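Working notes for the structure below.
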Number of protein chains: 6
Amino acid sequence: MGSGAVLVVEDETMILLDLESALEEAGFEVVGANNAASAIAAFDADPEKFKALVTGIRMGSGETGWELARRCRRANAVLPVVYISGDSATHWAHEGVPNSIMITKPFFMPQIVTAVSTLLNQLPTIDPT
Amino acid sequence: MGSGAVLVVEDETMILLDLESALEEAGFEVVGANNAASAIAAFDADPEKFKALVTGIRMGSGETGWELARRCRRANAVLPVVYISGDSATHWAHEGVPNSIMITKPFFMPQIVTAVSTLLNQLPTIDPT
Amino acid sequence: MGSGAVLVVEDETMILLDLESALEEAGFEVVGANNAASAIAAFDADPEKFKALVTGIRMGSGETGWELARRCRRANAVLPVVYISGDSATHWAHEGVPNSIMITKPFFMPQIVTAVSTLLNQLPTIDPT
Amino acid sequence: MGSGAVLVVEDETMILLDLESALEEAGFEVVGANNAASAIAAFDADPEKFKALVTGIRMGSGETGWELARRCRRANAVLPVVYISGDSATHWAHEGVPNSIMITKPFFMPQIVTAVSTLLNQLPTIDPT
Amino acid sequence: MGSGAVLVVEDETMILLDLESALEEAGFEVVGANNAASAIAAFDADPEKFKALVTGIRMGSGETGWELARRCRRANAVLPVVYISGDSATHWAHEGVPNSIMITKPFFMPQIVTAVSTLLNQLPTIDPT
Amino acid sequence: MGSGAVLVVEDETMILLDLESALEEAGFEVVGANNAASAIAAFDADPEKFKALVTGIRMGSGETGWELARRCRRANAVLPVVYISGDSATHWAHEGVPNSIMITKPFFMPQIVTAVSTLLNQLPTIDPT
């Protein structure tokens with residue numbers, strides 16, 4: 001069952017910790033980051049490690065979650081993407097990527113688990129070679 | 001994640017308790033009611049509090065789950081609705097509301113968690129103002 | 001059925017004419033544009049007139065179809081968007097907007113008719129006021 | 001392909017004629033009715049003949065399209081249902097039946113053809129006996 | 001739009017001709033075959049030419065449509081597949097391939113056009129290289 | 001909620017145990033089998049007991065998971081089917097049954113829970129009699 005992790009990016013520390021523990025308790029392996037720069041560093045160090053991205057939108061001074069998701073999709077066109085936001089949710093229609101899920105705050109933890117699982121289960125199974 | 005609850009309505013006490021504890025353990029906040037009248041009272045007291053409805057169909061002498069769901073959808077047109085029933089499941093095709101899920105008894109608890117989560121994750125994100 | 005039109009943007013004249021006549025024959029009203037600038041001018045003059053956008057990606061020196069779609073979605077968050085492209089199709093995963101359809105060249109005309117119709121039929125029906 | 005028809009119910013004569021000719025030109029067989037009472041008479045005379053229902057909502061003094069659809073679904077639980085309406089579209093969330101499509105006026109004719117075809121193509125294929 | 005065709009396989013000549021003319025009138029290019037052997041010959045001669053398969057099930061003494069679809073999917077894992085049948089429709093649940101559409105006879109021609117178009121519009125857009 | 005179980009078939013003992021405990025912890029009742037022959041024996045002894053099938057693909061010398069799923073679908077046309085595999089995932093396009101889910105190894109446990117729950121929640125509710 002081994003390799004692979006969900007990259008979780010959120011600048012509010014309490015929410016990040018809640019997300020990490022909920023996803024881990026459900027059975028995911030998680031790598032957390034509290035800003036876009038460290039998320040990018042983790043992703044670029046080993047892009048194939050990451051099986052899904054869960055990200056907030058406005059996270060301090062760096063890239064937004066919209067930009068982060070586009071960057072990761074450039075490296076992995078089928079990466080499952082889940083956005084979490086309060087006020088920015090209405091921007092999803094023009095800032096989100098296709099086949100992503102927008103979860104509006106406040107939310108319930110099982111929404112995140114179901115969102116990531118559902119997107120992983122819809123991945124194409126065609127041979128990449 | 002703070003505010004909001006799932007309204008769970010079921011007249012068989014054992015099933016209601018099972019539903020409440022399963023949903024809470026998964027991470028939802030729950031308000032339970034064992035008949036339609038008390039469900040309506042709770043809903044009308046604070047309609048915006050309720051993020052989803054999980055309801056049985058025939059619950060004693062009051063409104064059916066079909067009527068309850070229509071009533072709640074009149075107040076909140078995008079409310080996620082999950083029906084649970086045994087013999088009444090075949091009536092869903094003419095009594096249910098659009099974009100609802102019918103779960104037939106006997107069922108497994110993760111079906112309820114997944115149903116509520118999936119419907120919440122499909123909510124439109126357009127600006128209500 | 002009166003008002004409203006599909007905005008079709010494509011810089012290859014033959015394809016634009018084919019798209020226009022196929023969509024009109026199927027029953028759509030169409031406004032055609034052969035570059036992004038004139039599409040934007042038409043859209044900005046009467047945003048509510050446009051019920052859907054069908055656009056190529058690379059269209060001369062102006063905005064790309066990716067940028068055009070984001071711009072239109074900012075004005076109308078539920079606008080159906082259909083992209084048509086050959087080599088740019090693989091960029092849809094990071095450049096496309098949510099709930100859009102990517103049609104790869106070469107294509108068959110009924111794909112366009114079905115794509116626009118399907119997206120129109122999925123529009124949310126909640127009251128905007 | 002022989003037997004079967006789409007039941008189209010609409011009290012505005014011009015729209016009814018447009019719907020009939022568009023559906024017939026696309027390849028459907030159509031039975032039209034300009035009020036609920038004659039629709040019910042046609043349906044009750046031969047329920048198995050009807051493969052889909054396309055209906056307006058408010059049609060004079062008789063049953064609404066909401067009531068008509070529920071009635072037909074009681075006889076045929078998998079009947080495809082397409083509603084057409086202007087002001088009543090926002091009531092679909094509490095008045096519509098599951099797995100139906102709500103098309104808001106003004107609309108384009110290919111939306112109707114695609115809606116009926118899509119619902120027919122999603123019918124369950126399990127053996128009724 | 002140039003290259004590519006839908007492979008239509010049906011042993012009843014009248015139905016085959018109807019399918020061919022309906023698909024061509026809608027804008028598809030079609031290659032017809034009235035038995036599995038000639039369908040296989042056409043497909044094997046130029047597998048990349050075929051963008052979709054529409055097939056009956058029992059077609060004389062050769063391969064069934066179930067076998068034909070599996071064979072074509074082995075060569076092209078994302079090939080859209082539409083089955084047409086009367087009595088064999090209930091076998092789709094164990095004989096059909098994933099992401100295919102089963103259309104039960106009698107049917108209306110726009111169902112076929114919509115089925116092929118919808119499956120083509122859902123093709124993954126990831127880079128095959 | 002009483003009766004019924006998920007049939008889980010996997011020849012790697014560690015993975016089978018992990019699947020069983022994850023599904024049971026989530027709230028499913030599970031019957032495990034480490035090869036196709038014992039899965040078939042369990043299924044044939046009481047077909048109505050089994051509400052879903054989770055199966056590996058290559059499991060020693062007996063039937064493959066592809067064959068097992070077809071066999072079970074012959075007995076129960078609406079049985080939810082989830083395949084788990086590493087190298088065989090690319091064969092799903094021609095070996096899988098309709099409305100099944102293919103999960104590629106390595107995977108996360110909540111994917112299995114969500115896959116089984118989602119398929120159960122999509123079952124048709126029409127009266128079998």
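Letters A, B, ... mark the chains of the structure tokens in the order given; residue numbers begin at 1 per chain; ligand numbers begin at 1, in order shown.
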
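Every residue of region 18-122 of chain F found in strand (DSSP E or B) when DSSP is run on the backbone appears here: Val30, Val31, Gly32, Ala33, Phe50, Lys51, Ala52, Leu53, Val54, Thr55, Val81, Val82, Tyr83, Ile84, Ser85, Ile101, Met102, Ile103 and Thr104 of chain F.
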
Practice item. Could you please write out, as a ChimeraX atom specification, every residue of region 23-64 of chain C that DSSP assigns to helix (DSSP H, G or I)? Key: /C:23-26,36-45,47-49

Give me, as JSON lines, each residue of chain F that comes within 12 Å of chain D, together with its shortest interatomic pair and the distance in Å at one decimal, counting only C-alpha atoms, with rows ordered by chain and rising residue number.
```
{"residue": "F:Arg73", "atom": "CA", "partner": "D:Ile126", "partner_atom": "CA", "distance": 10.9}
{"residue": "F:Arg74", "atom": "CA", "partner": "D:Ile126", "partner_atom": "CA", "distance": 10.9}
{"residue": "F:Ala75", "atom": "CA", "partner": "D:Ile126", "partner_atom": "CA", "distance": 11.5}
{"residue": "F:Asn76", "atom": "CA", "partner": "D:Ile126", "partner_atom": "CA", "distance": 9.4}
{"residue": "F:Ala77", "atom": "CA", "partner": "D:Ile126", "partner_atom": "CA", "distance": 6.5}
{"residue": "F:Val78", "atom": "CA", "partner": "D:Ile126", "partner_atom": "CA", "distance": 7.7}
{"residue": "F:Leu79", "atom": "CA", "partner": "D:Ile126", "partner_atom": "CA", "distance": 11.3}
{"residue": "F:Pro98", "atom": "CA", "partner": "D:Thr125", "partner_atom": "CA", "distance": 11.2}
{"residue": "F:Asn99", "atom": "CA", "partner": "D:Pro124", "partner_atom": "CA", "distance": 11.2}
{"residue": "F:Gln122", "atom": "CA", "partner": "D:Pro124", "partner_atom": "CA", "distance": 11.2}
{"residue": "F:Leu123", "atom": "CA", "partner": "D:Pro124", "partner_atom": "CA", "distance": 9.7}
{"residue": "F:Pro124", "atom": "CA", "partner": "D:Pro124", "partner_atom": "CA", "distance": 7.4}
{"residue": "F:Thr125", "atom": "CA", "partner": "D:Ala77", "partner_atom": "CA", "distance": 8.8}
{"residue": "F:Ile126", "atom": "CA", "partner": "D:Ala77", "partner_atom": "CA", "distance": 6.6}
{"residue": "F:Asp127", "atom": "CA", "partner": "D:Ala77", "partner_atom": "CA", "distance": 8.6}
{"residue": "F:Pro128", "atom": "CA", "partner": "D:Pro128", "partner_atom": "CA", "distance": 6.6}
{"residue": "F:Thr129", "atom": "CA", "partner": "D:Thr129", "partner_atom": "CA", "distance": 6.8}
```

Check your understanding: Restricting the calculation to only C-alpha atoms, which member of F:Tyr83, F:Leu23, F:Ser88, F:Ala37 is positioned closest to Met109 (chain B)?
Key -> F:Leu23

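The protein and nucleic acid residues lying at most 10 Å from Gly4 (chain E) are C:Pro106, C:Phe107, C:Phe108, E:Phe28, E:Glu29, E:Val30, E:Val31, E:Pro47, E:Glu48, E:Lys49, E:Phe50, E:Lys51, E:Ala52, with only C-alpha atoms considered and sequence neighbours fewer than 6 positions away removed.
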
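Between CA of Ile103 (chain F) and CA of Pro80 (chain F) lies a distance of 13.6 Å.
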
**Study point:** Shell of 8 Å around Val81 (chain B), only C-alpha atoms, local chain residues under 3 positions omitted, as a list of chain:residue names
**Key:** B:Ala52, B:Leu53, B:Val54, B:Thr55, B:Ala69, B:Val97, B:Asn99, B:Ser100, B:Ile101, B:Val116, B:Leu119

Check your understanding: CA of Phe43 (chain A) and CA of Leu19 (chain F) are how many Å apart?
Key -> 29.1 Å

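Between CA of Glu63 (chain D) and CA of Thr90 (chain B) lies a distance of 23.3 Å.
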